[in-house]
Amino acid sequence: MTSSSARLARLDLNLLVVLRELLRERNVTRAAARVGVSQPAASAALARLRRHFDDELLVRKGAGYELSALAHQLADQVETVCDGIDRLLTTGADFDPATSHHEFTIVMSDYAIAVMGERLAAETRRRAPHVRLNIVLVREALAAGIDRTIRAVDAVVSSATARFRLPEIRSTLLFRDRWVCVVGRDAPYGDTLTLDELRGAGWVVPYHRDSEFPSVVPVSEQLAALGIRPSVAVRVDSYVAVPFLVASSGHVALMQETLARTMETRLGLRVLDPPAPLEPFVERVWWHERLTSDPAHRWFRRIVERAARPL
């Protein structure tokens with residue numbers, strides 16, 4: 001039987017890097033560009049990977065490719081492995097943002113991207129011109145498996161939920177936002193909303209699940225605090241999409257004020273106070289405890305905090 005040490009000794013670590021980019025891009029040419037090799041070299045690496053795993057990995061579909069079942073399983077694993085190798089090889093090394101080509105992976109909602117993404121990208125570019133951001137849009141699966149996600153990424157920007165109460169997770173406050181009700185300009189509501197009006201309204205609700213109410217989703221918790229189980233007219237897995245779906249529909253939504261104000265004039269919205277006070281929306285940045293003292297990660301956390309400071 002071949003030992004794990006013998007297998008590792010024969011392993012070309014460059015193949016792991018190519019595999020990661022192939023699974024991310026699902027395109028040989030783009031993967032080659034990201035790794036910095038020629039397209040034929042990336043194709044040759046894919047052929048070696050296919051022989052090793054005895055699987056196609058990238059399956060032709062129309063003009064592009066999709067991941068095979070095995071490739072879907074490998075996607076998260078290769079991210080974790082490459083991240084671990086990078087951490088191992090840079091242990092004890094100083095981090096120089098002016099020269100580093102490090103890639104930071106951060107999980108964010110489209111709300112967080114909308115209110116602080118521009119500053120995050122600008123601050124990173126200004127202080128570390130060669131550093132790359134890999135921003136992963138938050139999905140329900142990522143949040144539900146936060147114990148695995150937090151090990152595979154550099155940081156998660158999110159409000160607190162019970163799922164984050166793990167001993168190995170650390171966090172720091174980024175900003176607070178206020179909850180407001182949003183209706184279209186011509187919606188049949190006055191300047192003050194009543195609970196009865198909201199109970200009878202059709203709602204646009206992000207990340208809503210009929211089978212679980214209230215759920216861990218912040219909007220769901222706030223509606224429950226108002227004593228409202230919404231009559232959901234539109235469910236959408238996005239925060240940024242909510243005001244577009246409210247604007248001319250006659251529906252109502254509860255959303256973060258900072259995002260609502262950015263859309264207010266453009267979409268002809270009315271932003272109204274909820275009929276009862278609500279706890280503020282609190283956004284934090286979360287990371288695994290093993291990264292707390294890492295020089296690169298300390299720098300990155302400061303960049304994230306700086307991007308959120310105006311909020």
# chains A, B, ... in the order shown; residues from 1 in each chain; ligands from 1

call {"tool": "residues_around", "arguments": {"residues": "Thr262 in chain A", "least_positions_apart": "4", "cutoff": "12 Å", "atoms": "only C-alpha atoms", "output": "PyMOL selection string"}}
result
chain A and resi 111+114-115+240+243-244+255-258+266-271

call {"tool": "closest_atom_pairs", "arguments": {"of": "range 131-248 of chain A", "to": "range 18-42 of chain A", "cutoff": "12 Å", "atoms": "only C-alpha atoms", "output": "JSON lines"}}
result
{"residue": "A:Arg132", "atom": "CA", "partner": "A:Arg34", "partner_atom": "CA", "distance": 10.8}
{"residue": "A:Asn134", "atom": "CA", "partner": "A:Arg24", "partner_atom": "CA", "distance": 10.6}
{"residue": "A:Val136", "atom": "CA", "partner": "A:Arg24", "partner_atom": "CA", "distance": 11.0}

call {"tool": "closest_residue", "arguments": {"among": "A:Ile113, A:Trp287, A:Cys82, A:Tyr65", "to": "Ile146 in chain A", "atoms": "only C-alpha atoms"}}
result
A:Trp287

call {"tool": "closest_residue", "arguments": {"among": "A:Ala128, A:Ala121, A:Ala71, A:Ala162", "to": "His102 in chain A", "atoms": "only C-alpha atoms"}}
result
A:Ala128

call {"tool": "residues_around", "arguments": {"residues": "range 214-228 of chain A", "least_positions_apart": "6", "cutoff": "12 Å", "atoms": "only C-alpha atoms", "output": "MDAnalysis selection string"}}
result
chainID A and resid 109 139:140 143:144 158:164 177:181 194:208 235 237:239 242 253:256 274:283

call {"tool": "write_last_selection", "arguments": {"atoms": "C-alpha atoms", "output": "compact mmCIF listing (two decimals), in the first residue's frame"}}
result
# COMPACT_ATOMS: atom_id res chain seq x y z
CA SER A 109 -23.91 39.63 0.78
CA ARG A 139 -25.44 31.78 -0.23
CA GLU A 140 -27.65 29.95 2.23
CA ALA A 143 -24.15 30.42 6.06
CA ALA A 144 -25.59 27.07 7.14
CA SER A 158 -22.39 39.13 8.07
CA SER A 159 -24.74 39.94 10.89
CA ALA A 160 -24.59 37.61 13.86
CA THR A 161 -26.74 34.50 14.01
CA ALA A 162 -26.75 31.50 16.32
CA ARG A 163 -24.73 29.60 13.71
CA PHE A 164 -21.76 31.89 14.32
CA ASP A 177 -27.75 50.19 10.03
CA ARG A 178 -31.38 51.08 10.70
CA TRP A 179 -34.39 49.07 9.51
CA VAL A 180 -36.93 50.94 7.38
CA CYS A 181 -40.05 50.06 5.42
CA THR A 194 -49.71 50.71 10.85
CA LEU A 195 -49.27 47.11 11.90
CA ASP A 196 -52.66 46.26 10.43
CA GLU A 197 -51.59 47.68 7.05
CA LEU A 198 -48.40 45.66 7.12
CA ARG A 199 -50.20 42.47 8.12
CA GLY A 200 -52.48 42.88 5.12
CA ALA A 201 -49.74 43.83 2.66
CA GLY A 202 -48.01 41.75 0.04
CA TRP A 203 -44.33 41.49 0.92
CA VAL A 204 -41.05 41.26 -0.91
CA VAL A 205 -38.77 39.28 1.42
CA PRO A 206 -35.14 38.29 0.83
CA TYR A 207 -34.04 34.74 1.61
CA HIS A 208 -37.48 33.75 2.90
CA ARG A 235 -39.19 35.86 -2.45
CA ASP A 237 -32.25 35.48 -2.77
CA SER A 238 -30.85 39.00 -2.82
CA TYR A 239 -30.98 42.18 -0.78
CA VAL A 242 -35.67 43.99 -3.13
CA ALA A 253 -40.44 45.46 2.15
CA LEU A 254 -38.34 45.84 5.25
CA MET A 255 -34.72 46.64 4.46
CA GLN A 256 -31.57 48.36 5.65
CA PRO A 274 -41.65 50.88 10.81
CA PRO A 275 -44.64 51.15 13.16
CA ALA A 276 -42.53 50.08 16.16
CA PRO A 277 -38.83 50.45 17.03
CA LEU A 278 -36.57 47.65 15.89
CA GLU A 279 -33.11 46.53 16.93
CA PRO A 280 -30.45 47.89 14.54
CA PHE A 281 -28.92 45.74 11.85
CA VAL A 282 -25.36 45.00 13.01
CA GLU A 283 -22.74 43.94 10.49

call {"tool": "atom_distance", "arguments": {"atom1": "CA of Asp210 in chain A", "atom2": "CA of Asp186 in chain A"}}
result
28.4 Å

call {"tool": "atom_distance", "arguments": {"atom1": "CA of Asp147 in chain A", "atom2": "CA of Glu79 in chain A"}}
result
15.0 Å
